[in-house]
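Before any comments, here is the structure.
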Amino acid sequence: MTFASDDRLLQLHASLQGNGQKTSIVVITLDSNEVYIISSLFSRPDTQVIYIDPTTGILRYNGKPGLDNFKSEREAVDYITNGSRGVSRSSVYARAILGYAVLGSFGMLLVATKLNPSVPELPGGGCVYTVAESQWVKVPLHNPQPQGKGEVKNIQELTELDIDGKHYFCDTRDITRPFPSRVPVQSPDDEFVWNKWLSLPFKNIGLPEHCVILLQGFAEYRPFGSSGQLEGIVALMARRSRLHPGTRYLARGINSCSGTGNEVECEQLVWTPKKHGQSIAFSSYIWRRGTIPIWWGAELKMTAAEAEIYVAAKDPYKGSTEYYQRLSKRYDTRNLDAPVGENQKKKAFVPIVCINLLRSGEGKSESILVQHFEESMNFIKSGGKLPYTRVHLINYDWHASVKLKGEQQTIEGLWMYLKSPTMAIGITEGDYLPSRQRLKDCRGEVICVDDVEGAFCLRSHQNGVIRFNCADSLDRTNAASFFGGLQVFVEQCRRLGISLDTDIGYGYNSGRPIRDEDIAITGAGARLHEKDTSSLSLLYDFEELEGQLDFLTRVVSVTFYPAGSLKIPMTLGQIEVLGVSLPWKGMFTSERTGGRLAEIAGKTKEDEVPFSSCSDSNPFAAKTLQTETVSTPVQQNDPFPSNLLDLLTGEVSASDPFPQPAVECVASGGNDMLDFLDQAVVQYSGPETVPSMSSSQDKSPRESGSHLYLNCLKSVMGPNMGRKLEFIEAMKLEIERLRLNISAAERDRALLSIGIDPATINPNSSHDEIANALAVLGQASLEDKLIASIGLEKLENSVIDFWNINGIGEGCNGGVCQVRAEVNKNSVGATTKSLGGEPGSVFLCLQCRKKACKSCCAGRGAVLLSKSYSRDNANGGGSLADGSATSIGSDQYMCKNCCNTIVLEALIVDYVRVLVSLRRSGRVDDACREALNEVFGSNLANHLAVRGQPSPKPEDFNVLHQILGQEESLAEFPYASFLHKVETGTDSAPFLSLLTPLNLASSSSYWKAPPSSSSVEAVIILNTLSDVNSVILLVSPCGYSDADAPTVQIWASNDINKETRTLMGKWDVQSFVRSSPELYGPEKSGRAPRHIKFAFKNPIRCRIIWVTLRLPRLGSSSVSLDRNINLLSLDENPFAPPIPRRASFGATTENEPCLHAKRILVSGNSRRDKALASLQSVDSMSVRNWLDRPPRLNRFLIPLEAERPMANDLVLELYLQPGSPLASGFRLDAFTAIKPRVTHSPSSGVVDIWDPTSIIMEDRHVSPAVLYIQVSALQDQYKMVTIAEYRLPEARVGTQMYFDFPKQVQGRRVSFKLLGDVAALADDPAETDDLSGRASPFAAGLSLANRIKLYYYADPYEVGKWASLSAV
């Protein structure tokens, strides 16, 4: 056998596959610093232009032909550069896009500039490319986000990451799963995708295929044959898992994601090359390699020759079961071989065989790992969570065998161990059929995917996997896996009919040393608080101001500082964009949004379940105790089968493959300390819905939530309301309030109605740092949990949730409980049942070893937090947010008597924060649903429930092209909209549907006005200044009749003032109906949408279009002169002849005609591309010259006597010198890096973190934290007078921001106070090293000390040379 070291076989193989078009990527930077990505995928006939927003760095793509979608790359380049190469400052030519992210001051684009075709063509098509050279393209941003030292360091490390030669991809086939994959390329296995985060920006703009799916590892192929004849092709692909990345000394053992260090899946694919149109036979074999899946590590010591290996003292096998569950699910093919042959016995289990190559001799440093590896097998079997999986361990001391027997016999001895399990697991065999018409002859599993033209027919499947390991999964693993794969390669060739040289078969005796590189894998909502900062809500938002959320309206607020009577220049102040938009673009393009929006769309307010804390509906209530199966293995000498066909010899022998375990049931309290992350969310249904609760007392249906809340208050404070609430009681009262779905305003009104000041029960007077630490630990654990769930089914819920907070009046019911931490009391108004759990549910405290009922157990978060808290105290400091040592945990419980009080308080604070967050999320969902209904109407659920359907469809573009010709559609939502709403009929599509893209048009839905409305005025705001040629009205499916054919009048203007608009014309649709009979009556299927075009005599440049629809007058032709008739009006003709009354097809009844339409299109050409040229005109140049002139007055620093920071540096007082000039304003240097604070642990309502709509609709984006600064001055009668209040924008660290006062200020003392959401921000973790001694509850980066300068305006020629040195 000869591998293709000579070029003849390579040339012969290339002649069989042909050459196709290649993907081309061009990144162009213009002289204006604008950056465009021009992408021409070989899988698409067109070219896309992606614009990088120079301010935010967000990618922009609309999919409009002629704007950012072109027929060729040349046409796109010419459009961007206006046909001149001189406009382009730089260009980067690439072959693939690997990712993009906005990081601080730059947008970072990663592209592959050179690719190597590692596997030129897979069976069925598809080329695997290895990234040979890559490049980061840095795009400077105009408004960068603040960066800390840690972020700068992370960005630097990211750009220095070694990409070249170690990553590969296939842009047409899914290669993240064993060949052949059953899913399309855009649905990869996340365990092996290394650039998922970097690819999200392209998914958000509807172009997911433009960023390739990047794998880390190795991919290569070799043609082979004999006597110069090409007989076969072998490809080896090694996929490295991303669940536990890192170098060999850092990524060892298992982690909290149930992933092991240096975990690699290797696939050996062999096939016979055929000419085009012929079927291709292939076979595939897979094995795994990685470090031992237990918690262990190694410490390097200067005095020792080897690293000292250690195993975790507690829970060393946590996550091991989940690891094997992931393997079992991936390699379970027991049910796929059933139809292949009648004589084939159905496989009863999935074998997972671990080949351990560590040194096991006494006194060896690795022997401790061998012992624990064996113990982990017993742990896994006793858990009973793998009933159909057999995990078997084979210890084979490679080094000892080589030393004793030599390399040759060591290799032979290894195969003696591998022979039986390899036969039991088998290989995958099948054929690729280029035509699906031949599938009727296939006997086996048929795989058809859209990425492949033909289909795959599989005759047999590999069931199970062999896994190799040494200490770091390197040298010994390389050798053992090579020889194991080599033996299977021989059998693969034999079954494919490929003849090989005899020295390659079993008994291979060359004995040459194996180099590492032969098969090695790369290791390689803001508001202003008029109060002192000491009373801010540090624990949670007690006031909880709730305004109206509107996802359809956005307001731009611009502030000007007037010049006044003096010669002070007018200053432009802050520009605020108020409101948040939904990802409309994603709903109208090929990557439909789905995710959270689809869930919201599928529900109505009646469908949603309100908050309830009864045990059968509480989202945080625990479930019943579960039983687990524990496997007790039956001893047997040979655990592997020998009744199957030997892959090498073809011999057949018989025995039972694996022993069947004896099964017994044991009680268990759960499977993971963080099971709360898997629980379901119960959505908030809105304040108008009265939640249904269960209570110890009978309640009438009309009993309000406020009344129930007051009953709870009385049960705590007593009937006389005289007792002061303790902290825990106040927090539990807030929990009841949130469970009852009562807003903070409703709570305050209820309290004031009985004479109680709400401030007296506000628990925010104390600050709990431990709750913040718990939030960070919970969020970090969530990320581990989500990553660990890759490849696994959803885990069961735990009996005890993360918080386990008892309601008011709830507690221990006695029985077998030995703790009695909270004794049950009679509840007066509690909304919950007892949380005692099911009868007989008891838990063992890990501290006192006493039995505790559910009510007396602390939440599972207590175990997580107590470890951090106790470790912090033991070390005399440290960070409570460091969860590195808390990743190792078990199914343990802690009673409330043994739990520290501060930990219990942290749990209840965190629980309240979660409930507050869920309430806000419910309000966001309600507002989102309302916005979606305004756009989609009845088509809402059907549209968002479908993901990945090609929309807009090609036929939609063809229809638009037929209607518009070479012109653009200028009025499509969301880029255009209506200025105001109009009245709509009850069974009508929403008014905004008139502007939605044509591909969203339902075959039957259309807009119509109520019969009572005889005229409607629609005011359309175009996306940009445009030259409008016509307005096109798409006729409703019902068609027009003589009774409802409207009169249409159209105006245009750039000004919203009606007096300045221009009348473009008046048209009678009735005349169109009479001249075009196809417009009459219901629409016939199969035809293009009927439309009426109202063309203007001359194009008009405008931004606003008025369209008025008016029903025709019906009645007698006689005219009553007694009526008020405006003879000069253009609106109607009073002398018009009578119209025969006919049925209105759009009305509900025949006698009630109404206005109706399907779509309104505005055609013309946008002027955006001419904006740059317009700046070159003579008039605009004079304006620019005027703007570029230096100001006549400059800002100069006012000297100070002293400055005094107070109130955690959030207040700064400046003392001026006597005789100082009048202050005109102040300069504020932007704060150091601060981030939104992690406020609470993840709720059970965590949705897909990769869903872009989930990120957009987070509370921190809908209601972002905003800061204000209040300025006061000491003036007459020694009183502090408020001068002004300013909203602070987000800016780069150290950016100098200038704020002018409304008038000049005179005073000896000026005070600055930072207000707003100061408690919602935290320091960058990288900045906290220098702040270990700081005890402030607020972010140190918000300090006003040395950050504010007062200034005055003066002429630089008048103040003199020396004074000019103090310019600000």
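If you're wondering about the labels, chains in the structure tokens are A, B, ... by order shown, residues count from 1 in each chain, ligands from 1 in order shown.
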
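Shell of A:Lys1066 at 12 Å, with only C-alpha atoms counted and residues fewer than 6 places along the chain excluded, is Val1031, Pro1046, Thr1047, Val1048, Gln1049, Ile1050, Trp1051, Phe1094, Ala1095, Phe1096, Lys1097, Trp1106, Val1107, Thr1108, Leu1109, Arg1110, Leu1130, Asp1131 and Glu1132 of chain A.
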
Could you list, as an MDAnalysis selection string, every residue within 7 Å of stretch 28-43 of chain A, counting only C-alpha atoms and ignoring same-chain residues fewer than 6 positions away? chainID A and resid 21:22 49:52 54 73 87:92

Fill in: Contacts of A:Leu992 at 12 Å (only C-alpha atoms; same-chain gap of 4+ positions) as a ChimeraX atom specification
/A:552,931-937,971-974,976-984,988,996-997,1000-1001,1006-1008,1018-1020,1157-1160

Same residues, N, CA and C atoms, output as a tab-separated table (two decimals), in the first residue's frame:
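Written out: part_22.tsv:
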chain	number	residue	atom	x	y	z
A	552	LEU	N	-42.49	50.07	20.42
A	552	LEU	CA	-42.75	50.62	19.09
A	552	LEU	C	-42.39	52.09	18.99
A	931	ALA	N	-46.48	44.87	21.41
A	931	ALA	CA	-45.81	45.39	20.21
A	931	ALA	C	-45.90	44.41	19.05
A	932	LEU	N	-45.72	43.12	19.34
A	932	LEU	CA	-45.81	42.11	18.28
A	932	LEU	C	-47.21	42.06	17.69
A	933	ASN	N	-48.23	42.18	18.54
A	933	ASN	CA	-49.61	42.17	18.04
A	933	ASN	C	-49.88	43.39	17.16
A	934	GLU	N	-49.23	44.51	17.47
A	934	GLU	CA	-49.42	45.72	16.67
A	934	GLU	C	-48.83	45.56	15.27
A	935	VAL	N	-47.89	44.63	15.12
A	935	VAL	CA	-47.24	44.44	13.82
A	935	VAL	C	-47.77	43.22	13.09
A	936	PHE	N	-47.87	42.07	13.81
A	936	PHE	CA	-48.23	40.83	13.15
A	936	PHE	C	-49.70	40.48	13.28
A	937	GLY	N	-50.33	40.88	14.38
A	937	GLY	CA	-51.72	40.53	14.58
A	937	GLY	C	-51.91	39.04	14.72
A	971	ALA	N	-40.71	52.48	2.25
A	971	ALA	CA	-41.55	52.55	3.46
A	971	ALA	C	-41.84	51.15	3.96
A	972	GLU	N	-40.80	50.49	4.50
A	972	GLU	CA	-40.97	49.16	5.09
A	972	GLU	C	-40.63	49.22	6.56
A	973	PHE	N	-41.54	48.71	7.37
A	973	PHE	CA	-41.29	48.62	8.79
A	973	PHE	C	-40.16	47.61	9.03
A	974	PRO	N	-39.22	47.83	9.96
A	974	PRO	CA	-39.21	48.87	10.98
A	974	PRO	C	-38.46	50.14	10.59
A	976	ALA	N	-39.27	52.28	8.37
A	976	ALA	CA	-40.28	53.32	8.22
A	976	ALA	C	-41.46	52.96	9.10
A	977	SER	N	-42.28	53.95	9.42
A	977	SER	CA	-43.41	53.69	10.30
A	977	SER	C	-44.45	54.78	10.11
A	978	PHE	N	-45.56	54.62	10.82
A	978	PHE	CA	-46.60	55.64	10.81
A	978	PHE	C	-46.35	56.63	11.94
A	979	LEU	N	-46.73	57.87	11.69
A	979	LEU	CA	-46.56	58.90	12.71
A	979	LEU	C	-47.53	58.70	13.86
A	980	HIS	N	-48.73	58.22	13.59
A	980	HIS	CA	-49.71	57.97	14.63
A	980	HIS	C	-50.63	56.84	14.16
A	981	LYS	N	-51.34	56.25	15.12
A	981	LYS	CA	-52.25	55.16	14.82
A	981	LYS	C	-53.57	55.71	14.30
A	982	VAL	N	-54.30	54.81	13.66
A	982	VAL	CA	-55.66	55.14	13.23
A	982	VAL	C	-56.59	54.05	13.74
A	983	GLU	N	-57.86	54.33	13.71
A	983	GLU	CA	-58.85	53.37	14.19
A	983	GLU	C	-58.91	52.17	13.25
A	984	THR	N	-58.99	50.98	13.85
A	984	THR	CA	-58.94	49.74	13.09
A	984	THR	C	-60.14	48.88	13.43
A	988	SER	N	-59.69	43.00	11.92
A	988	SER	CA	-58.72	43.48	10.93
A	988	SER	C	-57.30	43.11	11.31
A	996	THR	N	-45.39	46.35	6.72
A	996	THR	CA	-44.47	45.23	6.92
A	996	THR	C	-44.03	44.68	5.57
A	997	PRO	N	-42.86	44.00	5.53
A	997	PRO	CA	-42.34	43.47	4.26
A	997	PRO	C	-43.34	42.54	3.59
A	1000	LEU	N	-44.23	38.85	4.57
A	1000	LEU	CA	-45.03	38.55	5.75
A	1000	LEU	C	-46.52	38.60	5.46
A	1001	ALA	N	-46.87	38.91	4.24
A	1001	ALA	CA	-48.28	39.06	3.92
A	1001	ALA	C	-48.97	37.71	3.94
A	1006	TYR	N	-55.75	41.30	6.01
A	1006	TYR	CA	-55.56	42.64	5.48
A	1006	TYR	C	-56.13	43.62	6.49
A	1007	TRP	N	-55.76	44.89	6.32
A	1007	TRP	CA	-56.24	45.92	7.24
A	1007	TRP	C	-57.55	46.49	6.73
A	1008	LYS	N	-58.45	46.80	7.69
A	1008	LYS	CA	-59.66	47.51	7.32
A	1008	LYS	C	-60.10	48.37	8.49
A	1018	ALA	N	-53.22	58.31	6.83
A	1018	ALA	CA	-52.02	57.59	7.23
A	1018	ALA	C	-50.81	58.47	6.94
A	1019	VAL	N	-50.03	58.77	7.98
A	1019	VAL	CA	-48.84	59.60	7.84
A	1019	VAL	C	-47.62	58.70	7.95
A	1020	ILE	N	-46.89	58.55	6.86
A	1020	ILE	CA	-45.76	57.62	6.77
A	1020	ILE	C	-44.46	58.39	6.90
A	1157	ALA	N	-57.18	47.77	2.84
A	1157	ALA	CA	-56.00	47.66	1.98
A	1157	ALA	C	-55.11	46.56	2.53
A	1158	LYS	N	-54.23	46.04	1.70
A	1158	LYS	CA	-53.31	44.98	2.13
A	1158	LYS	C	-51.93	45.54	2.45
A	1159	ARG	N	-51.38	46.36	1.60
A	1159	ARG	CA	-50.07	46.95	1.83
A	1159	ARG	C	-50.00	48.32	1.16
A	1160	ILE	N	-49.14	49.18	1.71
A	1160	ILE	CA	-48.83	50.46	1.09
A	1160	ILE	C	-47.33	50.47	0.81

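Backbone DSSP over stretch 1047-1109 of chain A gives helix (DSSP H, G or I) for Lys1058, Glu1059, Thr1060, Val1069, Gln1070, Ser1071, Phe1072, Val1073, Arg1074, Ser1075, Pro1077, Glu1078 and Leu1079 of chain A.
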
Practice task
Mind the document's chain letters and residue numbers, and return as number ranges by chain the residues of stretch 332-433 of chain A that DSSP labels strand (DSSP E).
Solution key: A: 350-356, 389-395, 428-433

Residues from the last selection, all heavy atoms, saved as a compact mmCIF listing (two decimals), in the first residue's frame:
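Once everything was written out, this is again-v2.txt:
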# COMPACT_ATOMS: atom_id res chain seq x y z
N VAL A 350 -25.00 0.19 25.64
CA VAL A 350 -23.97 1.01 24.99
C VAL A 350 -22.65 0.81 25.75
O VAL A 350 -22.55 1.22 26.91
CB VAL A 350 -24.35 2.49 24.99
CG1 VAL A 350 -23.29 3.32 24.27
CG2 VAL A 350 -25.71 2.70 24.36
N PRO A 351 -21.67 0.18 25.15
CA PRO A 351 -20.39 -0.01 25.86
C PRO A 351 -19.49 1.22 25.75
O PRO A 351 -19.31 1.79 24.68
CB PRO A 351 -19.77 -1.21 25.14
CG PRO A 351 -20.36 -1.17 23.77
CD PRO A 351 -21.71 -0.54 23.87
N ILE A 352 -18.94 1.64 26.89
CA ILE A 352 -17.92 2.69 26.94
C ILE A 352 -16.70 2.08 27.64
O ILE A 352 -16.77 1.74 28.82
CB ILE A 352 -18.43 3.92 27.70
CG1 ILE A 352 -19.65 4.53 27.00
CG2 ILE A 352 -17.32 4.97 27.82
CD1 ILE A 352 -20.26 5.71 27.74
N VAL A 353 -15.63 1.93 26.92
CA VAL A 353 -14.44 1.23 27.41
C VAL A 353 -13.32 2.25 27.61
O VAL A 353 -12.96 2.98 26.68
CB VAL A 353 -14.00 0.13 26.42
CG1 VAL A 353 -12.81 -0.63 26.98
CG2 VAL A 353 -15.16 -0.80 26.12
N CYS A 354 -12.81 2.31 28.83
CA CYS A 354 -11.73 3.25 29.17
C CYS A 354 -10.41 2.49 29.24
O CYS A 354 -10.27 1.57 30.05
CB CYS A 354 -12.03 3.93 30.51
SG CYS A 354 -13.56 4.86 30.53
N ILE A 355 -9.47 2.86 28.40
CA ILE A 355 -8.14 2.27 28.39
C ILE A 355 -7.22 3.21 29.17
O ILE A 355 -6.85 4.28 28.67
CB ILE A 355 -7.62 2.05 26.95
CG1 ILE A 355 -8.66 1.28 26.13
CG2 ILE A 355 -6.29 1.34 26.97
CD1 ILE A 355 -8.97 -0.10 26.64
N ASN A 356 -6.86 2.81 30.37
CA ASN A 356 -6.05 3.64 31.26
C ASN A 356 -4.60 3.22 31.14
O ASN A 356 -4.23 2.08 31.47
CB ASN A 356 -6.55 3.49 32.70
CG ASN A 356 -5.72 4.29 33.68
OD1 ASN A 356 -5.14 5.30 33.32
ND2 ASN A 356 -5.62 3.81 34.90
N THR A 389 -26.08 1.58 29.81
CA THR A 389 -24.68 1.84 29.45
C THR A 389 -23.77 1.00 30.33
O THR A 389 -24.01 0.89 31.55
CB THR A 389 -24.35 3.33 29.64
OG1 THR A 389 -25.26 4.12 28.88
CG2 THR A 389 -22.93 3.62 29.20
N ARG A 390 -22.75 0.42 29.75
CA ARG A 390 -21.77 -0.35 30.49
C ARG A 390 -20.41 0.35 30.37
O ARG A 390 -19.84 0.41 29.28
CB ARG A 390 -21.66 -1.78 29.95
CG ARG A 390 -22.94 -2.58 30.09
CD ARG A 390 -23.30 -2.81 31.56
NE ARG A 390 -24.57 -3.52 31.68
CZ ARG A 390 -25.74 -2.93 31.78
NH1 ARG A 390 -25.83 -1.61 31.78
NH2 ARG A 390 -26.85 -3.64 31.88
N VAL A 391 -19.96 0.89 31.47
CA VAL A 391 -18.67 1.57 31.51
C VAL A 391 -17.65 0.59 32.10
O VAL A 391 -17.83 0.11 33.22
CB VAL A 391 -18.73 2.85 32.35
CG1 VAL A 391 -17.40 3.58 32.29
CG2 VAL A 391 -19.85 3.77 31.85
N HIS A 392 -16.61 0.30 31.35
CA HIS A 392 -15.62 -0.68 31.78
C HIS A 392 -14.23 -0.06 31.73
O HIS A 392 -13.90 0.69 30.80
CB HIS A 392 -15.67 -1.93 30.90
CG HIS A 392 -14.84 -3.05 31.42
ND1 HIS A 392 -15.22 -3.83 32.49
CD2 HIS A 392 -13.64 -3.53 31.02
CE1 HIS A 392 -14.29 -4.73 32.73
NE2 HIS A 392 -13.32 -4.57 31.85
N LEU A 393 -13.42 -0.38 32.72
CA LEU A 393 -12.07 0.17 32.84
C LEU A 393 -11.05 -0.93 32.65
O LEU A 393 -11.12 -2.00 33.27
CB LEU A 393 -11.89 0.83 34.22
CG LEU A 393 -10.47 1.29 34.57
CD1 LEU A 393 -10.01 2.38 33.61
CD2 LEU A 393 -10.42 1.79 36.01
N ILE A 394 -10.08 -0.67 31.78
CA ILE A 394 -8.95 -1.58 31.56
C ILE A 394 -7.67 -0.82 31.90
O ILE A 394 -7.36 0.20 31.27
CB ILE A 394 -8.90 -2.08 30.10
CG1 ILE A 394 -10.15 -2.88 29.76
CG2 ILE A 394 -7.64 -2.91 29.86
CD1 ILE A 394 -10.19 -3.35 28.33
N ASN A 395 -6.94 -1.28 32.92
CA ASN A 395 -5.66 -0.68 33.31
C ASN A 395 -4.54 -1.36 32.55
O ASN A 395 -4.37 -2.59 32.64
CB ASN A 395 -5.44 -0.80 34.81
CG ASN A 395 -6.40 0.06 35.61
OD1 ASN A 395 -6.69 1.19 35.24
ND2 ASN A 395 -6.92 -0.48 36.70
N THR A 428 -19.05 1.94 11.62
CA THR A 428 -20.19 2.40 10.82
C THR A 428 -19.88 2.18 9.34
O THR A 428 -18.82 2.57 8.85
CB THR A 428 -20.47 3.89 11.07
OG1 THR A 428 -20.81 4.08 12.44
CG2 THR A 428 -21.61 4.39 10.20
N GLU A 429 -20.81 1.54 8.63
CA GLU A 429 -20.64 1.27 7.20
C GLU A 429 -21.87 1.75 6.46
O GLU A 429 -23.00 1.70 6.98
CB GLU A 429 -20.47 -0.23 6.95
CG GLU A 429 -19.23 -0.84 7.57
CD GLU A 429 -19.17 -2.33 7.28
OE1 GLU A 429 -18.60 -2.70 6.25
OE2 GLU A 429 -19.70 -3.11 8.10
N GLY A 430 -21.62 2.22 5.25
CA GLY A 430 -22.74 2.68 4.45
C GLY A 430 -22.32 3.08 3.06
O GLY A 430 -21.16 2.91 2.65
N ASP A 431 -23.29 3.64 2.32
CA ASP A 431 -23.06 4.10 0.95
C ASP A 431 -23.68 5.47 0.79
O ASP A 431 -24.74 5.77 1.36
CB ASP A 431 -23.70 3.13 -0.05
CG ASP A 431 -23.09 1.75 0.00
OD1 ASP A 431 -22.02 1.55 -0.59
OD2 ASP A 431 -23.69 0.87 0.66
N TYR A 432 -22.99 6.28 0.00
CA TYR A 432 -23.58 7.54 -0.42
C TYR A 432 -24.21 7.34 -1.78
O TYR A 432 -23.56 6.90 -2.74
CB TYR A 432 -22.53 8.64 -0.50
CG TYR A 432 -23.03 9.87 -1.24
CD1 TYR A 432 -24.04 10.67 -0.68
CD2 TYR A 432 -22.55 10.20 -2.51
CE1 TYR A 432 -24.53 11.77 -1.36
CE2 TYR A 432 -23.04 11.30 -3.19
CZ TYR A 432 -24.03 12.08 -2.61
OH TYR A 432 -24.53 13.16 -3.28
N LEU A 433 -25.51 7.66 -1.88
CA LEU A 433 -26.26 7.52 -3.13
C LEU A 433 -26.46 8.90 -3.73
O LEU A 433 -27.13 9.75 -3.12
CB LEU A 433 -27.60 6.85 -2.86
CG LEU A 433 -27.55 5.51 -2.11
CD1 LEU A 433 -28.95 5.00 -1.87
CD2 LEU A 433 -26.72 4.50 -2.88

Query - Near-stretch 233-236 of chain A list (8 Å; only C-alpha atoms; drop same-chain fewer than 5 positions) as a ChimeraX atom specification - result: /A:119,218-224,266-273

| task | Would you mind telling me which residue in A:Glu1290, A:Glu1203, A:Glu726, A:Asp926 lies nearest to A:Thr1232 when using only C-alpha atoms? | result |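 Using only C-alpha atoms, A:Thr1232 sits closest to A:Glu1290.
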
For A:Ser1166, the closest of A:Lys64, A:Arg1227, A:Arg173, A:Lys440 counting only C-alpha atoms is A:Lys64

Taken to one decimal, the atom CA of A:Met1297-atom CA of A:Val556 distance is 19.9 Å

- Message: At a cut-off of 6 Å, using only C-alpha atoms, what residues contact A:Phe106? Leave out same-chain residues fewer than 3 positions from it and give the result as a VMD selection string.
- Response: chain A and resid 103 138 to 141

Selection from above, N, CA, C and O atoms, as a compact mmCIF listing (two decimals), in the first residue's frame, can you write it?
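Resulting contents of part_28.txt:
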# COMPACT_ATOMS: atom_id res chain seq x y z
N LEU A 103 -15.21 44.92 21.29
CA LEU A 103 -14.42 44.82 22.51
C LEU A 103 -13.81 46.18 22.82
O LEU A 103 -12.84 46.59 22.21
N LYS A 138 -8.88 45.38 13.13
CA LYS A 138 -9.33 46.25 14.21
C LYS A 138 -10.03 47.48 13.64
O LYS A 138 -9.47 48.21 12.83
N VAL A 139 -11.27 47.70 14.06
CA VAL A 139 -12.08 48.81 13.58
C VAL A 139 -12.25 49.80 14.73
O VAL A 139 -12.98 49.52 15.69
N PRO A 140 -11.58 50.96 14.70
CA PRO A 140 -11.75 51.93 15.80
C PRO A 140 -13.19 52.44 15.85
O PRO A 140 -13.82 52.70 14.82
N LEU A 141 -13.70 52.61 17.06
CA LEU A 141 -15.07 53.06 17.26
C LEU A 141 -15.09 54.48 17.78
O LEU A 141 -14.20 54.90 18.52

Best match for closeness to A:Leu327 among A:Ser256, A:Gly232, A:Asp475, A:Leu792, counting only C-alpha atoms =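 Counting only C-alpha atoms, the residue closest to A:Leu327 is A:Leu792.
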
Discussion item. Between atom CA of A:Leu1212 and atom CA of A:Gln1304, what is the distance in Å, rounded to a tenth?
Written reply: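 Computing it gives 19.5 Å between the two atoms.
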
Taking into account only C-alpha atoms, which residue in the set A:Leu200, A:Ala1284, A:Ile466, A:Ala862 is nearest to A:Asp801?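 Selected residue with least distance to A:Asp801: A:Ala862.
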
Straight-line distance linking atom CA of A:Glu151 with atom CA of A:Thr56, stated in Å to one decimal: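 That distance, rounded to one decimal, is 17.5 Å.
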
Test item: residues at most 12 Å from A:Gly104, only C-alpha atoms, excluding those fewer than 6 positions along its chain, as a CSV table (one decimal) with C-alpha atoms, in the first residue's frame:
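Final file, selection06.csv:
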chain,number,residue,atom,x,y,z
A,55,THR,CA,-20.2,54.4,16.7
A,56,THR,CA,-21.4,51.2,18.3
A,57,GLY,CA,-19.6,48.6,16.2
A,138,LYS,CA,-9.3,46.3,14.2
A,139,VAL,CA,-12.1,48.8,13.6
A,140,PRO,CA,-11.8,51.9,15.8
A,141,LEU,CA,-15.1,53.1,17.3
A,142,HIS,CA,-16.3,56.6,17.8
A,143,ASN,CA,-18.1,55.8,21.1
A,144,PRO,CA,-16.1,53.0,22.8
A,145,GLN,CA,-17.2,51.4,26.0
A,146,PRO,CA,-15.2,51.7,29.2
A,147,GLN,CA,-12.5,49.1,29.6
A,148,GLY,CA,-10.7,47.9,32.7
A,149,LYS,CA,-7.2,46.5,32.9
A,150,GLY,CA,-8.6,43.0,32.9
A,151,GLU,CA,-10.6,43.5,29.7
A,152,VAL,CA,-7.6,45.1,28.0
A,153,LYS,CA,-5.5,42.0,29.0
A,154,ASN,CA,-8.2,39.6,27.8
A,155,ILE,CA,-8.5,41.4,24.4
A,156,GLN,CA,-4.8,41.2,24.0
A,1233,ALA,CA,-14.5,51.0,34.2
A,1291,ALA,CA,-18.1,57.3,27.7
A,1292,ARG,CA,-14.6,56.0,27.5
A,1293,VAL,CA,-12.6,56.1,30.6

Among A:Gly718, A:Ala480, A:Gly464, A:Val555, A:Gly413 is approached most closely, using only C-alpha atoms, by A:Ala480

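Here the question is which of A:Thr23, A:Ser866, A:Ser704, A:Ser1076 gets nearest to A:Cys127 using only C-alpha atoms, and that residue is A:Thr23.
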